[in-house]
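Comments concern the structure below.
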Number of protein chains: 2
Amino acid sequence: MSDNEFSLIDKHFKGKGGHSHPFTRLAIGDDASVHGLKDGMELVVSTDSSVENVHWPHDMSLDLAADRSVCAALSDLAAMGAEAIAVWVNVMAKDKHAVKAMAKGVSRSLRRYNVELVGGDTCRSATNALSVTVAGQLPAGTAMCRNTALADDNVWLAGRVGFHALGLKQWMSGDKHGEFVHHINEITPRLAAGVHLREMGVRCCLDVSDGLLQDARHLADASGVGMDIEVTQVPEWLHLCHQVAGCEPAFEAVVHGGEDYALLFTAPASMVIPNALAVKIGTCRAGTGVHLYRDGVLCSVKKQGYLHFE
Amino acid sequence: MSDNEFSLIDKHFKGKGGHSHPFTRLAIGDDASVHGLKDGMELVVSTDSSVENVHWPHDMSLDLAADRSVCAALSDLAAMGAEAIAVWVNVMAKDKHAVKAMAKGVSRSLRRYNVELVGGDTCRSATNALSVTVAGQLPAGTAMCRNTALADDNVWLAGRVGFHALGLKQWMSGDKHGEFVHHINEITPRLAAGVHLREMGVRCCLDVSDGLLQDARHLADASGVGMDIEVTQVPEWLHLCHQVAGCEPAFEAVVHGGEDYALLFTAPASMVIPNALAVKIGTCRAGTGVHLYRDGVLCSVKKQGYLHFE
């Protein structure tokens, strides 16, 4: 018998993720999955779509694109400080080869982070795409939100920014083996860092998916504070300037480049954050707006981050 | 400022669903939503994609298509017997007009069933599509599954089958005002019936989305039983035969037509099910396979229900 969506799901999705979690009482195979939640815990849920030619170039392997999609969704759990426990995946595929390739990437990413695949669906579409829904848990009342920064907090970055944008630029220009290209293959959801920060008492965080400036504005606006960021403090700034032949393209990538999934968070000045975890890149202040400085000089920036509809 | 995906979400999605539920502690606006669950309750989650030219014809309004997508997803909660409490929607849209139209349909369906929109995302795609994730709750251990039918159970149907298929046939043939066309506009997730059945003690149920025969097979196979169904017992059988000029096309629609979202369930012979809720259409038996009878005569059926990949 040839494969249909049911046999494809059985073969390529069922039991292909990480270990099962006591949260999940019924996984793939019924109309829905069923879950319990321990007393005193809260459930954290996010969902993200990834679409061919929008979120990944058409000549990237679907396997890799699907892996990246899962990681991007998991990053939202990292930003909240949640422990990842379950994933549901909607696969929209041009043909069954596309289903298989995407299933392979989904399974690999879930095994890497030991998260269970508990549901989803598979259907035909003229455009390859995935929607990934993720669930995590944390102690009630401890989620790191984006509206809790205070005017005298420091601003921190856990992870790099700009590297994905530079990799994508190389890839799109035909330099498929450029120095930065491997960064578009590697989305790292900073799950362990997120849990660590939440346990340290950090209360304000988001993940940088649409560019440092745009996401910093989201956090500052939601919290009702202003923010000053010194761009040269981002990790590997000098390396970037050196490798891309100048600080102008480095600035562009660092400020506007999306998809590196670093965690941007704020913390009281009194809170000691280990260097291995994050670097301080700025401070919050009373007022509004995000000001970018380069070596102490205020920069004028008109451009925004990536927008799907303008 | 022109609309981007953030302003589109603010304008067209935020607060546009039903009332907020105590389950939800943080809804749209952060990296994820946050939820609690009362002691002794379980969470039920399902996700479904709907794609233009696959799940709805390209000349159906996007507003209606989105409404239907939400209802189809909610139907999975009905099949489990869960109370619907939260929805996340991924909107993949060709342009911002498509976003607005889909948002309108999403909001309308959520208000109709008083379910809160708690998250999602909006992005560009060459193919209009939605993924809808739904969450509901029920007392722990009471979910209606598909693997719990017993060999001497009766088989029941709550709702009609075949009407959507006949409506779609009329629409696709250009008869946009045919008698059955309004059935493709009206997906009814049988949420109240699902809760009622679960409270009565029904333990085995699914929703008929891919055709009566295919879904009956899913239930029978999962439960390890056989099943005999008398097709003439489905609601409005004679009306269908009369309206479509013969019982052959009626049989085809009833047996293979998807998307009516009736609930197919089994119950011990001793359980009294009110006529207003469901009609008895068959019995389970030891063995395997689903046998269809028409006026007591065993029918030979080769065709399966809808398959995305064959």
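Each chain of the structure tokens is named A, B, ... in the order shown, its residues numbered from 1; ligands are numbered from 1 in display order.
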
Expected answer as a ChimeraX atom specification: strand (DSSP E) residues in segment 26-238 of chain B: /B:26,33-35,41-51,83-93,116-124,129-139,154-158,204-208,226-230

Would you export the selected residues with C-alpha atoms as a PDB file, in the first residue's frame, please?
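Output file result.pdb is given in full below:
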```
ATOM      1  CA  LEU B  26      -1.346  35.840  30.010  1.00  0.00           C
ATOM      2  CA  SER B  33       0.736  32.658  26.591  1.00  0.00           C
ATOM      3  CA  VAL B  34       0.638  31.415  30.195  1.00  0.00           C
ATOM      4  CA  HIS B  35      -2.013  29.165  31.696  1.00  0.00           C
ATOM      5  CA  MET B  41      -8.537  18.750  35.454  1.00  0.00           C
ATOM      6  CA  GLU B  42      -6.731  17.738  32.283  1.00  0.00           C
ATOM      7  CA  LEU B  43      -5.812  19.825  29.289  1.00  0.00           C
ATOM      8  CA  VAL B  44      -6.825  18.638  25.801  1.00  0.00           C
ATOM      9  CA  VAL B  45      -4.929  20.057  22.817  1.00  0.00           C
ATOM     10  CA  SER B  46      -5.344  19.640  19.074  1.00  0.00           C
ATOM     11  CA  THR B  47      -4.050  21.441  16.002  1.00  0.00           C
ATOM     12  CA  ASP B  48      -5.275  21.517  12.396  1.00  0.00           C
ATOM     13  CA  SER B  49      -4.151  23.241   9.231  1.00  0.00           C
ATOM     14  CA  SER B  50      -6.410  24.511   6.474  1.00  0.00           C
ATOM     15  CA  VAL B  51      -4.926  25.392   3.107  1.00  0.00           C
ATOM     16  CA  GLU B  83     -14.843  22.292  27.155  1.00  0.00           C
ATOM     17  CA  ALA B  84     -13.137  24.665  24.680  1.00  0.00           C
ATOM     18  CA  ILE B  85     -11.154  27.407  26.409  1.00  0.00           C
ATOM     19  CA  ALA B  86      -8.333  28.790  24.267  1.00  0.00           C
ATOM     20  CA  VAL B  87      -7.227  29.093  20.640  1.00  0.00           C
ATOM     21  CA  TRP B  88      -3.913  30.007  18.968  1.00  0.00           C
ATOM     22  CA  VAL B  89      -3.980  30.895  15.266  1.00  0.00           C
ATOM     23  CA  ASN B  90      -1.153  30.959  12.692  1.00  0.00           C
ATOM     24  CA  VAL B  91      -2.207  33.064   9.730  1.00  0.00           C
ATOM     25  CA  MET B  92      -0.211  32.607   6.501  1.00  0.00           C
ATOM     26  CA  ALA B  93      -1.422  35.193   4.020  1.00  0.00           C
ATOM     27  CA  GLU B 116     -10.510  33.270  23.752  1.00  0.00           C
ATOM     28  CA  LEU B 117      -7.788  33.939  21.181  1.00  0.00           C
ATOM     29  CA  VAL B 118      -4.624  33.691  23.281  1.00  0.00           C
ATOM     30  CA  GLY B 119      -1.805  33.677  20.740  1.00  0.00           C
ATOM     31  CA  GLY B 120      -0.540  33.008  17.242  1.00  0.00           C
ATOM     32  CA  ASP B 121       1.399  34.660  14.494  1.00  0.00           C
ATOM     33  CA  THR B 122       0.884  36.285  11.125  1.00  0.00           C
ATOM     34  CA  CYS B 123       3.247  35.905   8.199  1.00  0.00           C
ATOM     35  CA  ARG B 124       3.489  36.149   4.464  1.00  0.00           C
ATOM     36  CA  ALA B 129      -3.421  29.003   4.962  1.00  0.00           C
ATOM     37  CA  LEU B 130      -4.177  28.812   8.665  1.00  0.00           C
ATOM     38  CA  SER B 131      -3.073  26.505  11.437  1.00  0.00           C
ATOM     39  CA  VAL B 132      -5.407  26.516  14.402  1.00  0.00           C
ATOM     40  CA  THR B 133      -4.421  25.082  17.769  1.00  0.00           C
ATOM     41  CA  VAL B 134      -7.164  24.619  20.342  1.00  0.00           C
ATOM     42  CA  ALA B 135      -7.136  23.781  24.036  1.00  0.00           C
ATOM     43  CA  GLY B 136      -9.951  22.544  26.210  1.00  0.00           C
ATOM     44  CA  GLN B 137     -10.317  20.979  29.616  1.00  0.00           C
ATOM     45  CA  LEU B 138     -12.131  18.090  31.246  1.00  0.00           C
ATOM     46  CA  PRO B 139     -11.967  16.154  34.514  1.00  0.00           C
ATOM     47  CA  ASN B 154     -23.705   0.155  19.866  1.00  0.00           C
ATOM     48  CA  VAL B 155     -22.453   2.691  17.302  1.00  0.00           C
ATOM     49  CA  TRP B 156     -24.006   6.161  17.305  1.00  0.00           C
ATOM     50  CA  LEU B 157     -23.818   9.276  15.200  1.00  0.00           C
ATOM     51  CA  ALA B 158     -24.453  12.782  16.570  1.00  0.00           C
ATOM     52  CA  CYS B 204     -15.154   6.205  22.824  1.00  0.00           C
ATOM     53  CA  CYS B 205     -15.678   8.921  20.224  1.00  0.00           C
ATOM     54  CA  LEU B 206     -14.148  10.677  17.222  1.00  0.00           C
ATOM     55  CA  ASP B 207     -15.311  13.337  14.808  1.00  0.00           C
ATOM     56  CA  VAL B 208     -16.050  12.411  11.214  1.00  0.00           C
ATOM     57  CA  GLY B 226     -15.094  -4.868  13.974  1.00  0.00           C
ATOM     58  CA  MET B 227     -18.064  -2.701  13.185  1.00  0.00           C
ATOM     59  CA  ASP B 228     -21.308  -3.080  11.216  1.00  0.00           C
ATOM     60  CA  ILE B 229     -23.013   0.101  10.024  1.00  0.00           C
ATOM     61  CA  GLU B 230     -26.456   0.325   8.415  1.00  0.00           C
TER      62      GLU B 230
END
```

I need the residues in segment 47-217 of chain B that are alpha helix (DSSP H) according to DSSP; give them as a PyMOL selection string. chain B and resi 62-80+96-112+163-172+182-185+191-200+212-217

Go through A:Ala165, A:Met102, A:Met80, A:Val279 and flag the residue nearest Ala66 of chain A, using only C-alpha atoms for the distances.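 Distance minimum relative to Ala66 of chain A lands on A:Met102.
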
Identify, on the basis of only C-alpha atoms, every residue whose closest approach to Leu212 of chain B does not exceed 7 Å; exclude the query and any residue fewer than 4 positions from it along the same chain; express the result as a PyMOL selection string. chain B and resi 208+216+254-256

Please, could you write that set of residues out with N, CA and C atoms as a compact mmCIF listing (two decimals), in the first residue's frame?
```
# COMPACT_ATOMS: atom_id res chain seq x y z
N VAL B 208 -16.13 12.90 12.59
CA VAL B 208 -16.05 12.41 11.21
C VAL B 208 -15.59 13.55 10.31
N ALA B 216 -14.72 5.58 10.72
CA ALA B 216 -15.19 4.39 11.45
C ALA B 216 -14.08 3.35 11.51
N VAL B 254 -22.55 10.06 1.84
CA VAL B 254 -22.64 9.67 3.24
C VAL B 254 -21.41 8.87 3.67
N VAL B 255 -20.96 7.98 2.80
CA VAL B 255 -19.89 7.06 3.17
C VAL B 255 -18.50 7.71 3.07
N HIS B 256 -18.33 8.56 2.04
CA HIS B 256 -16.99 9.10 1.79
C HIS B 256 -16.86 10.60 2.04
```

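Note that atom CA of Thr148 of chain A and atom CA of Leu292 of chain A are 20.9 Å apart.
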
Contact residues around Glu179 of chain A with only C-alpha atoms at 9 Å, ignoring same-chain residues under 2 positions, as JSON, numbers by chain: {"A": [167, 170, 177, 181, 182, 183, 243]}

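For the pair atom CA of His12 of chain A and atom CA of Ala82 of chain A, the separation is 27.4 Å.
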
Long-range neighbours of Arg285 of chain B as a PDB file with all heavy atoms, in the first residue's frame, 7 Å cut-off, only C-alpha atoms, 2 positions minimum in chain:
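Generated file (part_4.pdb):
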```
ATOM      1  N   ALA B 151     -16.626  -4.904  21.962  1.00  0.00           N
ATOM      2  CA  ALA B 151     -17.216  -5.702  20.885  1.00  0.00           C
ATOM      3  C   ALA B 151     -18.744  -5.700  20.885  1.00  0.00           C
ATOM      4  O   ALA B 151     -19.355  -5.938  19.851  1.00  0.00           O
ATOM      5  CB  ALA B 151     -16.694  -7.132  20.948  1.00  0.00           C
ATOM      6  N   ASP B 152     -19.368  -5.420  22.014  1.00  0.00           N
ATOM      7  CA  ASP B 152     -20.834  -5.431  21.987  1.00  0.00           C
ATOM      8  C   ASP B 152     -21.436  -4.027  22.125  1.00  0.00           C
ATOM      9  O   ASP B 152     -22.628  -3.874  22.398  1.00  0.00           O
ATOM     10  CB  ASP B 152     -21.397  -6.396  23.032  1.00  0.00           C
ATOM     11  CG  ASP B 152     -20.715  -6.182  24.376  1.00  0.00           C
ATOM     12  OD1 ASP B 152     -19.867  -5.265  24.486  1.00  0.00           O
ATOM     13  OD2 ASP B 152     -21.032  -6.924  25.326  1.00  0.00           O
ATOM     14  N   VAL B 225     -11.714  -3.816  17.314  1.00  0.00           N
ATOM     15  CA  VAL B 225     -13.025  -4.455  17.124  1.00  0.00           C
ATOM     16  C   VAL B 225     -13.429  -4.338  15.657  1.00  0.00           C
ATOM     17  O   VAL B 225     -12.826  -3.582  14.890  1.00  0.00           O
ATOM     18  CB  VAL B 225     -14.132  -3.796  17.995  1.00  0.00           C
ATOM     19  CG1 VAL B 225     -13.794  -3.908  19.475  1.00  0.00           C
ATOM     20  CG2 VAL B 225     -14.360  -2.325  17.588  1.00  0.00           C
ATOM     21  N   GLY B 226     -14.460  -5.074  15.269  1.00  0.00           N
ATOM     22  CA  GLY B 226     -15.094  -4.868  13.974  1.00  0.00           C
ATOM     23  C   GLY B 226     -16.327  -4.013  14.168  1.00  0.00           C
ATOM     24  O   GLY B 226     -16.736  -3.748  15.310  1.00  0.00           O
ATOM     25  N   MET B 227     -16.909  -3.580  13.062  1.00  0.00           N
ATOM     26  CA  MET B 227     -18.064  -2.701  13.185  1.00  0.00           C
ATOM     27  C   MET B 227     -18.998  -2.925  11.996  1.00  0.00           C
ATOM     28  O   MET B 227     -18.540  -3.065  10.862  1.00  0.00           O
ATOM     29  CB  MET B 227     -17.569  -1.249  13.204  1.00  0.00           C
ATOM     30  CG  MET B 227     -18.601  -0.240  13.660  1.00  0.00           C
ATOM     31  SD  MET B 227     -17.931   1.448  13.575  1.00  0.00           S
ATOM     32  CE  MET B 227     -16.929   1.505  15.040  1.00  0.00           C
ATOM     33  N   THR B 283     -23.441  -1.480  15.150  1.00  0.00           N
ATOM     34  CA  THR B 283     -22.963  -2.199  16.336  1.00  0.00           C
ATOM     35  C   THR B 283     -21.503  -2.612  16.132  1.00  0.00           C
ATOM     36  O   THR B 283     -21.050  -2.793  15.005  1.00  0.00           O
ATOM     37  CB  THR B 283     -23.787  -3.496  16.576  1.00  0.00           C
ATOM     38  OG1 THR B 283     -23.885  -4.208  15.332  1.00  0.00           O
ATOM     39  CG2 THR B 283     -25.183  -3.179  17.085  1.00  0.00           C
ATOM     40  N   GLY B 287     -13.653  -9.091  16.062  1.00  0.00           N
ATOM     41  CA  GLY B 287     -13.103  -9.187  14.706  1.00  0.00           C
ATOM     42  C   GLY B 287     -12.516  -7.862  14.271  1.00  0.00           C
ATOM     43  O   GLY B 287     -12.113  -7.045  15.104  1.00  0.00           O
TER      44      GLY B 287
END
```

Mind checking which residues fall within 10 Å of Lys169 of chain B, counting only C-alpha atoms, ignoring those fewer than 6 positions away in the same chain, and posting them as a PyMOL selection string? chain B and resi 163+175-176+178+180-181+184+253

Using the selection just defined, write its residues with N, CA, C and O atoms as a CSV table (one decimal), in the first residue's frame.
```csv
chain,number,residue,atom,x,y,z
B,163,PHE,N,-23.7,16.0,3.9
B,163,PHE,CA,-24.2,17.3,3.4
B,163,PHE,C,-23.1,18.2,2.9
B,163,PHE,O,-23.3,18.9,1.9
B,175,ASP,N,-22.8,25.7,-9.4
B,175,ASP,CA,-24.1,26.0,-8.8
B,175,ASP,C,-23.9,26.6,-7.4
B,175,ASP,O,-24.1,25.9,-6.4
B,176,LYS,N,-23.5,27.9,-7.4
B,176,LYS,CA,-23.1,28.5,-6.1
B,176,LYS,C,-24.3,28.7,-5.2
B,176,LYS,O,-24.1,29.1,-4.0
B,178,GLY,N,-26.8,26.3,-4.9
B,178,GLY,CA,-27.5,25.0,-4.8
B,178,GLY,C,-28.0,24.8,-3.4
B,178,GLY,O,-27.5,25.4,-2.4
B,180,PHE,N,-27.5,22.5,-1.2
B,180,PHE,CA,-26.6,22.0,-0.2
B,180,PHE,C,-25.4,23.0,0.1
B,180,PHE,O,-24.7,22.7,1.0
B,181,VAL,N,-25.3,24.0,-0.7
B,181,VAL,CA,-24.1,24.9,-0.6
B,181,VAL,C,-24.0,25.5,0.8
B,181,VAL,O,-22.9,25.6,1.3
B,184,ILE,N,-21.6,23.9,3.3
B,184,ILE,CA,-20.1,24.1,3.3
B,184,ILE,C,-19.7,25.4,4.0
B,184,ILE,O,-18.6,25.6,4.4
B,253,ALA,N,-21.9,10.2,-0.9
B,253,ALA,CA,-21.7,11.3,0.0
B,253,ALA,C,-21.6,10.9,1.4
B,253,ALA,O,-20.8,11.4,2.2
```
